[in-house]
$ cat work-v2.cif   # mmCIF, N, CA, C and O atoms
data_protein
loop_
_atom_site.label_atom_id
_atom_site.label_comp_id
_atom_site.auth_asym_id
_atom_site.auth_seq_id
_atom_site.Cartn_x
_atom_site.Cartn_y
_atom_site.Cartn_z
N MET A 1 33.94 38.25 100.68
CA MET A 1 33.75 38.73 99.32
C MET A 1 33.39 40.21 99.38
O MET A 1 32.57 40.62 100.19
N THR A 2 34.00 40.97 98.52
CA THR A 2 33.68 42.40 98.49
C THR A 2 32.30 42.61 97.85
O THR A 2 31.82 41.77 97.10
N SER A 3 31.70 43.73 98.17
CA SER A 3 30.39 44.05 97.57
C SER A 3 30.52 44.22 96.06
O SER A 3 29.61 43.85 95.31
N GLU A 4 31.64 44.73 95.60
CA GLU A 4 31.86 44.90 94.16
C GLU A 4 31.90 43.55 93.46
O GLU A 4 31.29 43.38 92.41
N LEU A 5 32.62 42.59 94.06
CA LEU A 5 32.68 41.26 93.44
C LEU A 5 31.32 40.60 93.44
O LEU A 5 30.91 40.02 92.44
N GLU A 6 30.59 40.70 94.54
CA GLU A 6 29.26 40.09 94.60
C GLU A 6 28.35 40.68 93.53
O GLU A 6 27.66 39.96 92.82
N ARG A 7 28.37 41.98 93.38
CA ARG A 7 27.54 42.64 92.36
C ARG A 7 27.98 42.21 90.96
O ARG A 7 27.14 41.92 90.10
N PHE A 8 29.28 42.16 90.72
CA PHE A 8 29.80 41.75 89.41
C PHE A 8 29.38 40.31 89.10
O PHE A 8 28.92 40.02 87.98
N ILE A 9 29.52 39.43 90.07
CA ILE A 9 29.13 38.03 89.85
C ILE A 9 27.64 37.93 89.57
O ILE A 9 27.22 37.24 88.63
N ARG A 10 26.81 38.58 90.39
CA ARG A 10 25.35 38.50 90.21
C ARG A 10 24.91 38.97 88.82
O ARG A 10 24.02 38.39 88.22
N ILE A 11 25.54 40.00 88.33
CA ILE A 11 25.11 40.59 87.05
C ILE A 11 25.81 39.95 85.86
O ILE A 11 25.16 39.50 84.92
N TYR A 12 27.12 39.88 85.89
CA TYR A 12 27.87 39.51 84.69
C TYR A 12 28.24 38.03 84.60
O TYR A 12 28.60 37.56 83.52
N LEU A 13 28.17 37.30 85.72
CA LEU A 13 28.45 35.88 85.66
C LEU A 13 27.19 35.05 85.88
O LEU A 13 27.27 33.83 86.03
N HIS A 14 26.03 35.71 85.89
CA HIS A 14 24.77 35.00 85.96
C HIS A 14 24.65 34.11 84.72
O HIS A 14 25.24 34.40 83.68
N TYR A 15 23.89 33.05 84.82
CA TYR A 15 23.83 32.02 83.79
C TYR A 15 23.71 32.59 82.37
O TYR A 15 24.49 32.23 81.50
N GLU A 16 22.74 33.46 82.14
CA GLU A 16 22.51 33.98 80.79
C GLU A 16 23.70 34.80 80.29
O GLU A 16 24.09 34.71 79.14
N GLN A 17 24.28 35.60 81.17
CA GLN A 17 25.40 36.46 80.78
C GLN A 17 26.70 35.66 80.62
O GLN A 17 27.48 35.92 79.72
N ALA A 18 26.92 34.70 81.52
CA ALA A 18 28.19 33.96 81.52
C ALA A 18 28.36 33.09 80.28
O ALA A 18 29.48 32.75 79.90
N GLN A 19 27.26 32.74 79.63
CA GLN A 19 27.35 31.92 78.41
C GLN A 19 27.83 32.74 77.21
O GLN A 19 28.25 32.17 76.21
N ASP A 20 27.78 34.04 77.32
CA ASP A 20 28.23 34.92 76.24
C ASP A 20 29.72 35.18 76.42
O ASP A 20 30.14 36.03 77.20
N VAL A 21 30.54 34.42 75.70
CA VAL A 21 31.99 34.51 75.88
C VAL A 21 32.67 35.14 74.66
O VAL A 21 33.77 34.77 74.28
N ARG A 22 32.02 36.14 74.08
CA ARG A 22 32.59 36.83 72.91
C ARG A 22 33.82 37.66 73.25
O ARG A 22 34.50 38.13 72.36
N GLY A 23 34.08 37.84 74.53
CA GLY A 23 35.28 38.57 74.91
C GLY A 23 35.05 40.01 75.31
O GLY A 23 36.00 40.78 75.39
N ASP A 24 33.82 40.40 75.57
CA ASP A 24 33.52 41.78 75.94
C ASP A 24 33.57 42.04 77.44
O ASP A 24 33.53 43.19 77.87
N LEU A 25 33.64 40.99 78.23
CA LEU A 25 33.52 41.15 79.67
C LEU A 25 34.70 41.94 80.26
O LEU A 25 34.50 42.78 81.13
N ARG A 26 35.89 41.71 79.79
CA ARG A 26 37.06 42.44 80.30
C ARG A 26 36.89 43.94 80.06
O ARG A 26 37.06 44.75 80.97
N SER A 27 36.53 44.31 78.84
CA SER A 27 36.38 45.74 78.55
C SER A 27 35.19 46.33 79.31
O SER A 27 35.23 47.49 79.72
N THR A 28 34.15 45.55 79.51
CA THR A 28 33.00 46.02 80.30
C THR A 28 33.43 46.33 81.72
O THR A 28 33.13 47.41 82.25
N LEU A 29 34.15 45.41 82.35
CA LEU A 29 34.60 45.63 83.72
C LEU A 29 35.50 46.86 83.80
O LEU A 29 35.32 47.72 84.65
N HIS A 30 36.45 46.96 82.90
CA HIS A 30 37.43 48.04 82.99
C HIS A 30 36.87 49.40 82.56
O HIS A 30 37.55 50.43 82.70
N ALA A 31 35.62 49.42 82.10
CA ALA A 31 34.95 50.69 81.81
C ALA A 31 34.38 51.33 83.08
O ALA A 31 34.06 52.51 83.09
N PHE A 32 34.27 50.54 84.16
CA PHE A 32 33.81 51.07 85.44
C PHE A 32 34.93 51.90 86.07
O PHE A 32 36.08 51.85 85.65
N ASN A 33 34.58 52.63 87.14
CA ASN A 33 35.60 53.43 87.80
C ASN A 33 36.64 52.52 88.47
O ASN A 33 36.38 51.35 88.75
N ALA A 34 37.80 53.09 88.71
CA ALA A 34 38.94 52.31 89.21
C ALA A 34 38.66 51.65 90.55
O ALA A 34 39.13 50.54 90.80
N SER A 35 37.88 52.28 91.40
CA SER A 35 37.62 51.69 92.72
C SER A 35 36.73 50.44 92.59
O SER A 35 36.92 49.47 93.34
N PHE A 36 35.79 50.45 91.65
CA PHE A 36 34.97 49.26 91.44
C PHE A 36 35.82 48.12 90.89
O PHE A 36 35.73 46.98 91.36
N VAL A 37 36.66 48.42 89.91
CA VAL A 37 37.54 47.40 89.32
C VAL A 37 38.46 46.82 90.40
O VAL A 37 38.64 45.61 90.48
N ALA A 38 39.02 47.68 91.23
CA ALA A 38 39.89 47.21 92.32
C ALA A 38 39.13 46.34 93.30
O ALA A 38 39.65 45.34 93.79
N GLY A 39 37.87 46.70 93.59
CA GLY A 39 37.05 45.89 94.49
C GLY A 39 36.78 44.52 93.93
O GLY A 39 36.78 43.52 94.66
N VAL A 40 36.54 44.44 92.63
CA VAL A 40 36.34 43.14 91.98
C VAL A 40 37.63 42.33 92.03
O VAL A 40 37.64 41.16 92.41
N ARG A 41 38.74 42.96 91.67
CA ARG A 41 40.04 42.26 91.67
C ARG A 41 40.40 41.78 93.08
O ARG A 41 40.74 40.61 93.28
N ASP A 42 40.31 42.66 94.05
CA ASP A 42 40.67 42.30 95.42
C ASP A 42 39.74 41.22 95.97
O ASP A 42 40.18 40.29 96.64
N GLY A 43 38.45 41.35 95.67
CA GLY A 43 37.50 40.35 96.13
C GLY A 43 37.75 39.00 95.51
O GLY A 43 37.69 37.95 96.19
N LEU A 44 38.05 38.98 94.23
CA LEU A 44 38.31 37.72 93.54
C LEU A 44 39.59 37.07 94.08
O LEU A 44 39.62 35.86 94.33
N GLU A 45 40.62 37.86 94.29
CA GLU A 45 41.86 37.32 94.84
C GLU A 45 41.63 36.75 96.25
O GLU A 45 42.15 35.68 96.58
N LYS A 46 40.82 37.44 97.05
CA LYS A 46 40.54 36.95 98.42
C LYS A 46 39.73 35.66 98.37
O LYS A 46 40.02 34.71 99.10
N VAL A 47 38.72 35.62 97.53
CA VAL A 47 37.89 34.41 97.42
C VAL A 47 38.74 33.22 96.97
O VAL A 47 38.61 32.11 97.49
N LEU A 48 39.63 33.46 96.02
CA LEU A 48 40.51 32.38 95.56
C LEU A 48 41.46 31.92 96.67
O LEU A 48 41.74 30.73 96.78
N ARG A 49 41.92 32.84 97.46
CA ARG A 49 42.86 32.52 98.55
C ARG A 49 42.16 31.80 99.70
O ARG A 49 42.67 30.81 100.23
N THR A 50 40.97 32.28 100.09
CA THR A 50 40.30 31.75 101.28
C THR A 50 39.30 30.64 100.97
O THR A 50 38.90 29.91 101.88
N ARG A 51 38.89 30.55 99.70
CA ARG A 51 37.88 29.57 99.27
C ARG A 51 36.60 29.70 100.11
O ARG A 51 35.98 28.72 100.49
N GLU A 52 36.21 30.95 100.36
CA GLU A 52 35.04 31.23 101.20
C GLU A 52 33.72 31.08 100.47
O GLU A 52 32.66 31.08 101.11
N LEU A 53 33.73 30.97 99.17
CA LEU A 53 32.51 30.86 98.38
C LEU A 53 32.24 29.39 98.07
O LEU A 53 33.06 28.72 97.46
N SER A 54 31.09 28.91 98.50
CA SER A 54 30.73 27.51 98.25
C SER A 54 30.07 27.36 96.89
O SER A 54 29.63 28.34 96.28
N VAL A 55 29.97 26.13 96.43
CA VAL A 55 29.27 25.83 95.19
C VAL A 55 27.82 26.29 95.30
O VAL A 55 27.28 26.92 94.38
N ALA A 56 27.19 26.02 96.43
CA ALA A 56 25.79 26.42 96.64
C ALA A 56 25.67 27.94 96.67
O ALA A 56 24.72 28.51 96.12
N GLY A 57 26.60 28.62 97.30
CA GLY A 57 26.59 30.09 97.35
C GLY A 57 26.74 30.70 95.97
O GLY A 57 26.05 31.66 95.63
N TYR A 58 27.63 30.13 95.16
CA TYR A 58 27.81 30.63 93.79
C TYR A 58 26.54 30.39 92.98
O TYR A 58 26.11 31.26 92.22
N GLU A 59 25.92 29.23 93.17
CA GLU A 59 24.69 28.94 92.44
C GLU A 59 23.57 29.90 92.83
O GLU A 59 22.79 30.32 91.98
N ARG A 60 23.49 30.26 94.10
CA ARG A 60 22.47 31.23 94.54
C ARG A 60 22.68 32.58 93.84
O ARG A 60 21.72 33.26 93.51
N LEU A 61 23.91 32.96 93.63
CA LEU A 61 24.21 34.24 92.98
C LEU A 61 23.97 34.21 91.47
O LEU A 61 23.63 35.23 90.88
N THR A 62 24.19 33.05 90.84
CA THR A 62 24.29 33.01 89.38
C THR A 62 23.37 32.02 88.66
O THR A 62 23.26 32.08 87.44
N ASP A 63 22.80 31.08 89.36
CA ASP A 63 22.07 29.96 88.75
C ASP A 63 22.99 29.06 87.93
O ASP A 63 22.53 28.29 87.09
N VAL A 64 24.30 29.13 88.17
CA VAL A 64 25.26 28.26 87.52
C VAL A 64 25.67 27.20 88.54
O VAL A 64 26.07 27.53 89.66
N GLU A 65 25.56 25.94 88.13
CA GLU A 65 25.85 24.83 89.03
C GLU A 65 27.18 24.18 88.68
O GLU A 65 27.41 23.79 87.53
N PHE A 66 28.06 24.10 89.66
CA PHE A 66 29.34 23.42 89.50
C PHE A 66 29.26 22.08 90.24
O PHE A 66 28.62 21.98 91.28
N GLY A 67 29.94 21.08 89.71
CA GLY A 67 29.93 19.74 90.31
C GLY A 67 30.63 19.67 91.64
O GLY A 67 30.25 18.90 92.52
N ASP A 68 31.68 20.49 91.80
CA ASP A 68 32.42 20.51 93.07
C ASP A 68 33.19 21.82 93.18
O ASP A 68 33.26 22.59 92.23
N GLU A 69 33.74 22.03 94.36
CA GLU A 69 34.45 23.29 94.61
C GLU A 69 35.70 23.43 93.76
O GLU A 69 36.05 24.53 93.37
N ASP A 70 36.39 22.32 93.47
CA ASP A 70 37.59 22.42 92.64
C ASP A 70 37.24 22.98 91.26
O ASP A 70 37.96 23.83 90.73
N ALA A 71 36.13 22.52 90.68
CA ALA A 71 35.70 23.03 89.37
C ALA A 71 35.33 24.51 89.46
O ALA A 71 35.67 25.30 88.58
N LEU A 72 34.64 24.90 90.53
CA LEU A 72 34.29 26.31 90.73
C LEU A 72 35.54 27.17 90.83
O LEU A 72 35.65 28.20 90.15
N TYR A 73 36.48 26.75 91.64
CA TYR A 73 37.68 27.57 91.84
C TYR A 73 38.59 27.58 90.62
O TYR A 73 39.28 28.56 90.38
N ASP A 74 38.58 26.52 89.85
CA ASP A 74 39.31 26.53 88.58
C ASP A 74 38.71 27.58 87.65
O ASP A 74 39.43 28.37 87.04
N TYR A 75 37.38 27.60 87.56
CA TYR A 75 36.68 28.60 86.74
C TYR A 75 36.97 30.02 87.23
O TYR A 75 37.28 30.91 86.43
N LEU A 76 36.88 30.24 88.53
CA LEU A 76 37.13 31.58 89.07
C LEU A 76 38.57 32.01 88.83
O LEU A 76 38.83 33.19 88.55
N ASP A 77 39.52 31.09 88.91
CA ASP A 77 40.90 31.44 88.64
C ASP A 77 41.09 31.77 87.16
O ASP A 77 41.80 32.72 86.82
N GLN A 78 40.45 31.01 86.29
CA GLN A 78 40.50 31.32 84.86
C GLN A 78 39.88 32.69 84.59
O GLN A 78 40.38 33.46 83.76
N MET A 79 38.79 33.01 85.29
CA MET A 79 38.14 34.31 85.13
C MET A 79 39.08 35.42 85.61
O MET A 79 39.20 36.46 84.96
N ARG A 80 39.77 35.20 86.72
CA ARG A 80 40.75 36.18 87.21
C ARG A 80 41.84 36.41 86.17
O ARG A 80 42.21 37.54 85.88
N GLN A 81 42.34 35.33 85.60
CA GLN A 81 43.38 35.45 84.58
C GLN A 81 42.87 36.21 83.35
O GLN A 81 43.60 37.00 82.77
N TYR A 82 41.62 35.96 82.99
CA TYR A 82 41.03 36.65 81.84
C TYR A 82 40.84 38.14 82.13
O TYR A 82 41.17 39.00 81.32
N LEU A 83 40.29 38.45 83.29
CA LEU A 83 39.97 39.84 83.61
C LEU A 83 41.20 40.69 83.96
O LEU A 83 41.24 41.88 83.65
N PHE A 84 42.21 40.07 84.59
CA PHE A 84 43.30 40.86 85.15
C PHE A 84 44.70 40.41 84.72
O PHE A 84 45.67 41.02 85.14
N ALA A 85 44.81 39.39 83.92
CA ALA A 85 46.14 38.94 83.50
C ALA A 85 46.15 38.78 81.99
O ALA A 85 45.55 39.59 81.29
N ASP A 86 46.76 37.74 81.51
CA ASP A 86 46.98 37.62 80.07
C ASP A 86 46.18 36.51 79.39
O ASP A 86 46.49 36.15 78.26
N ARG A 87 45.18 35.97 80.04
CA ARG A 87 44.36 34.95 79.40
C ARG A 87 43.58 35.61 78.26
O ARG A 87 42.89 36.61 78.46
N ALA A 88 43.66 35.05 77.07
CA ALA A 88 43.05 35.65 75.89
C ALA A 88 41.55 35.45 75.82
O ALA A 88 40.81 36.35 75.43
N ASP A 89 41.06 34.27 76.21
CA ASP A 89 39.65 33.97 76.03
C ASP A 89 38.92 33.90 77.38
O ASP A 89 39.47 33.48 78.38
N GLN A 90 37.68 34.32 77.34
CA GLN A 90 36.83 34.29 78.53
C GLN A 90 36.41 32.85 78.79
O GLN A 90 35.96 32.15 77.88
N PRO A 91 36.56 32.36 80.03
CA PRO A 91 36.18 30.98 80.33
C PRO A 91 34.66 30.77 80.26
O PRO A 91 33.89 31.69 80.55
N LEU A 92 34.28 29.58 79.89
CA LEU A 92 32.88 29.21 79.80
C LEU A 92 32.50 28.40 81.02
O LEU A 92 33.18 27.43 81.35
N PRO A 93 31.42 28.76 81.71
CA PRO A 93 30.99 27.97 82.86
C PRO A 93 30.34 26.67 82.39
O PRO A 93 30.01 26.52 81.21
N PRO A 94 30.12 25.73 83.31
CA PRO A 94 29.44 24.49 82.91
C PRO A 94 28.01 24.78 82.48
O PRO A 94 27.41 25.77 82.90
N GLU A 95 27.49 23.93 81.63
CA GLU A 95 26.09 24.13 81.17
C GLU A 95 25.12 23.48 82.10
O GLU A 95 25.38 22.59 82.80
#
$ encode --input "work-v2.cif" --output "structure tokens"
Amino acid sequence: MTSELERFIRIYLHYEQAQDVRGDLRSTLHAFNASFVAGVRDGLEKVLRTRELSVAGYERLTDVEFGDEDALYDYLDQMRQYLFADRADQPLPPE
């Protein structure tokens, strides 16, 4: 995981922040400099490809608990689509 992705997850996908799905997260991310945005994108793509982030590791970063890795990776892929592709709405993590 890139340092940019870890920082982004810790701050913006932490439990309190991740519940706010008004749609501002994409514009917030893209307001950062291009190298930070690229680090988040590259890190997210690598994590999705390698599945190196465990449910417990994600919970340590965010206080968000997923039932299993498939649910976590589905959420992360939806987040990738929202941040960098054409998904219109920001995904909501489990409560």
$ closest_residue --input "work-v2.cif" --among "A:Thr50, A:Gly39, A:Gln19, A:Ser27" --to "Leu92 (chain A)" --atoms "only N, CA, C and O atoms"
A:Gln19
$ closest_residue --input "work-v2.cif" --among "A:Leu5, A:Ala18, A:Val64, A:Ile11" --to "Val40 (chain A)" --atoms "only N, CA, C and O atoms"
A:Leu5
$ resolve_selection --input "work-v2.cif" --expression "the PyMOL selection byres (((chain A and resi 65 and name CA) around 9) and name CA)" --output "PyMOL selection string"
chain A and resi 55-56+58-59+62-64+66-68+72+93-95
$ atom_distance --input "work-v2.cif" --atom1 "CA of Arg60 (chain A)" --atom2 "CA of Ala31 (chain A)"
26.4 Å
$ atom_distance --input "work-v2.cif" --atom1 "atom N of Gln78 (chain A)" --atom2 "CA of Asn33 (chain A)"
23.0 Å
$ atom_distance --input "work-v2.cif" --atom1 "atom C of Met1 (chain A)" --atom2 "atom N of Leu44 (chain A)"
7.1 Å
$ residues_around --input "work-v2.cif" --residues "Ser35 (chain A)" --least-positions-apart "6" --cutoff "8 Å" --atoms "all atoms listed in the file" --output "ChimeraX atom specification"
/A:4,41-42
$ decode --input "work-v2.cif" --residues "region 64-76 of chain A" --atoms "all heavy atoms" --output "mmCIF file, in the first residue's frame"
data_model
loop_
_atom_site.group_PDB
_atom_site.id
_atom_site.type_symbol
_atom_site.label_atom_id
_atom_site.label_comp_id
_atom_site.auth_asym_id
_atom_site.auth_seq_id
_atom_site.Cartn_x
_atom_site.Cartn_y
_atom_site.Cartn_z
ATOM 1 N N VAL A 64 -13.665 0.630 10.891
ATOM 2 C CA VAL A 64 -14.771 0.066 10.128
ATOM 3 C C VAL A 64 -14.542 -1.439 10.041
ATOM 4 O O VAL A 64 -13.467 -1.882 9.631
ATOM 5 C CB VAL A 64 -14.863 0.669 8.704
ATOM 6 C CG1 VAL A 64 -15.948 -0.020 7.898
ATOM 7 C CG2 VAL A 64 -15.117 2.166 8.787
ATOM 8 N N GLU A 65 -15.561 -2.195 10.420
ATOM 9 C CA GLU A 65 -15.453 -3.647 10.455
ATOM 10 C C GLU A 65 -16.225 -4.267 9.294
ATOM 11 O O GLU A 65 -17.410 -3.999 9.110
ATOM 12 C CB GLU A 65 -16.011 -4.163 11.775
ATOM 13 C CG GLU A 65 -15.853 -5.630 11.988
ATOM 14 C CD GLU A 65 -16.369 -6.079 13.341
ATOM 15 O OE1 GLU A 65 -16.403 -5.262 14.280
ATOM 16 O OE2 GLU A 65 -16.753 -7.249 13.448
ATOM 17 N N PHE A 66 -15.536 -5.073 8.513
ATOM 18 C CA PHE A 66 -16.159 -5.826 7.430
ATOM 19 C C PHE A 66 -16.273 -7.286 7.858
ATOM 20 O O PHE A 66 -15.402 -7.803 8.552
ATOM 21 C CB PHE A 66 -15.329 -5.724 6.145
ATOM 22 C CG PHE A 66 -15.505 -4.419 5.437
ATOM 23 C CD1 PHE A 66 -14.730 -3.323 5.768
ATOM 24 C CD2 PHE A 66 -16.455 -4.284 4.436
ATOM 25 C CE1 PHE A 66 -14.892 -2.108 5.123
ATOM 26 C CE2 PHE A 66 -16.633 -3.073 3.786
ATOM 27 C CZ PHE A 66 -15.852 -1.984 4.133
ATOM 28 N N GLY A 67 -17.326 -7.952 7.413
ATOM 29 C CA GLY A 67 -17.559 -9.350 7.774
ATOM 30 C C GLY A 67 -16.558 -10.305 7.172
ATOM 31 O O GLY A 67 -16.221 -11.325 7.771
ATOM 32 N N ASP A 68 -16.068 -9.976 5.973
ATOM 33 C CA ASP A 68 -15.075 -10.831 5.315
ATOM 34 C C ASP A 68 -14.333 -10.017 4.258
ATOM 35 O O ASP A 68 -14.702 -8.889 3.955
ATOM 36 C CB ASP A 68 -15.723 -12.076 4.700
ATOM 37 C CG ASP A 68 -16.799 -11.755 3.675
ATOM 38 O OD1 ASP A 68 -16.595 -10.863 2.823
ATOM 39 O OD2 ASP A 68 -17.862 -12.402 3.720
ATOM 40 N N GLU A 69 -13.286 -10.626 3.731
ATOM 41 C CA GLU A 69 -12.451 -9.916 2.757
ATOM 42 C C GLU A 69 -13.199 -9.610 1.464
ATOM 43 O O GLU A 69 -12.950 -8.587 0.845
ATOM 44 C CB GLU A 69 -11.170 -10.692 2.483
ATOM 45 C CG GLU A 69 -10.178 -10.564 3.614
ATOM 46 C CD GLU A 69 -8.788 -11.045 3.250
ATOM 47 O OE1 GLU A 69 -8.550 -11.444 2.082
ATOM 48 O OE2 GLU A 69 -7.943 -11.023 4.148
ATOM 49 N N ASP A 70 -14.106 -10.497 1.047
ATOM 50 C CA ASP A 70 -14.857 -10.223 -0.178
ATOM 51 C C ASP A 70 -15.657 -8.931 -0.041
ATOM 52 O O ASP A 70 -15.699 -8.118 -0.973
ATOM 53 C CB ASP A 70 -15.781 -11.388 -0.528
ATOM 54 C CG ASP A 70 -15.019 -12.603 -1.038
ATOM 55 O OD1 ASP A 70 -13.871 -12.445 -1.511
ATOM 56 O OD2 ASP A 70 -15.567 -13.718 -0.960
ATOM 57 N N ALA A 71 -16.293 -8.724 1.117
ATOM 58 C CA ALA A 71 -17.061 -7.495 1.345
ATOM 59 C C ALA A 71 -16.139 -6.278 1.356
ATOM 60 O O ALA A 71 -16.471 -5.231 0.793
ATOM 61 C CB ALA A 71 -17.842 -7.585 2.649
ATOM 62 N N LEU A 72 -14.977 -6.404 1.989
ATOM 63 C CA LEU A 72 -14.005 -5.303 2.001
ATOM 64 C C LEU A 72 -13.564 -4.952 0.589
ATOM 65 O O LEU A 72 -13.570 -3.775 0.200
ATOM 66 C CB LEU A 72 -12.784 -5.677 2.850
ATOM 67 C CG LEU A 72 -11.583 -4.733 2.759
ATOM 68 C CD1 LEU A 72 -11.940 -3.326 3.229
ATOM 69 C CD2 LEU A 72 -10.408 -5.298 3.555
ATOM 70 N N TYR A 73 -13.203 -5.950 -0.187
ATOM 71 C CA TYR A 73 -12.697 -5.672 -1.531
ATOM 72 C C TYR A 73 -13.790 -5.203 -2.483
ATOM 73 O O TYR A 73 -13.517 -4.436 -3.399
ATOM 74 C CB TYR A 73 -11.890 -6.860 -2.059
ATOM 75 C CG TYR A 73 -10.510 -6.828 -1.448
ATOM 76 C CD1 TYR A 73 -10.223 -7.529 -0.288
ATOM 77 C CD2 TYR A 73 -9.524 -6.017 -1.982
ATOM 78 C CE1 TYR A 73 -8.973 -7.437 0.307
ATOM 79 C CE2 TYR A 73 -8.278 -5.919 -1.397
ATOM 80 C CZ TYR A 73 -8.007 -6.630 -0.256
ATOM 81 O OH TYR A 73 -6.773 -6.520 0.339
ATOM 82 N N ASP A 74 -15.013 -5.613 -2.255
ATOM 83 C CA ASP A 74 -16.127 -5.074 -3.035
ATOM 84 C C ASP A 74 -16.271 -3.577 -2.747
ATOM 85 O O ASP A 74 -16.413 -2.769 -3.663
ATOM 86 C CB ASP A 74 -17.415 -5.821 -2.710
ATOM 87 C CG ASP A 74 -18.580 -5.345 -3.550
ATOM 88 O OD1 ASP A 74 -18.462 -5.320 -4.791
ATOM 89 O OD2 ASP A 74 -19.622 -4.989 -2.950
ATOM 90 N N TYR A 75 -16.210 -3.216 -1.462
ATOM 91 C CA TYR A 75 -16.285 -1.800 -1.068
ATOM 92 C C TYR A 75 -15.122 -0.997 -1.659
ATOM 93 O O TYR A 75 -15.320 0.086 -2.213
ATOM 94 C CB TYR A 75 -16.288 -1.694 0.460
ATOM 95 C CG TYR A 75 -16.164 -0.290 0.985
ATOM 96 C CD1 TYR A 75 -17.239 0.592 0.931
ATOM 97 C CD2 TYR A 75 -14.979 0.161 1.555
ATOM 98 C CE1 TYR A 75 -17.133 1.890 1.421
ATOM 99 C CE2 TYR A 75 -14.860 1.449 2.046
ATOM 100 C CZ TYR A 75 -15.933 2.305 1.976
ATOM 101 O OH TYR A 75 -15.833 3.590 2.455
ATOM 102 N N LEU A 76 -13.909 -1.524 -1.562
ATOM 103 C CA LEU A 76 -12.748 -0.807 -2.091
ATOM 104 C C LEU A 76 -12.842 -0.650 -3.608
ATOM 105 O O LEU A 76 -12.454 0.394 -4.148
ATOM 106 C CB LEU A 76 -11.449 -1.523 -1.699
ATOM 107 C CG LEU A 76 -11.085 -1.465 -0.225
ATOM 108 C CD1 LEU A 76 -9.857 -2.333 0.049
ATOM 109 C CD2 LEU A 76 -10.868 -0.035 0.242
#
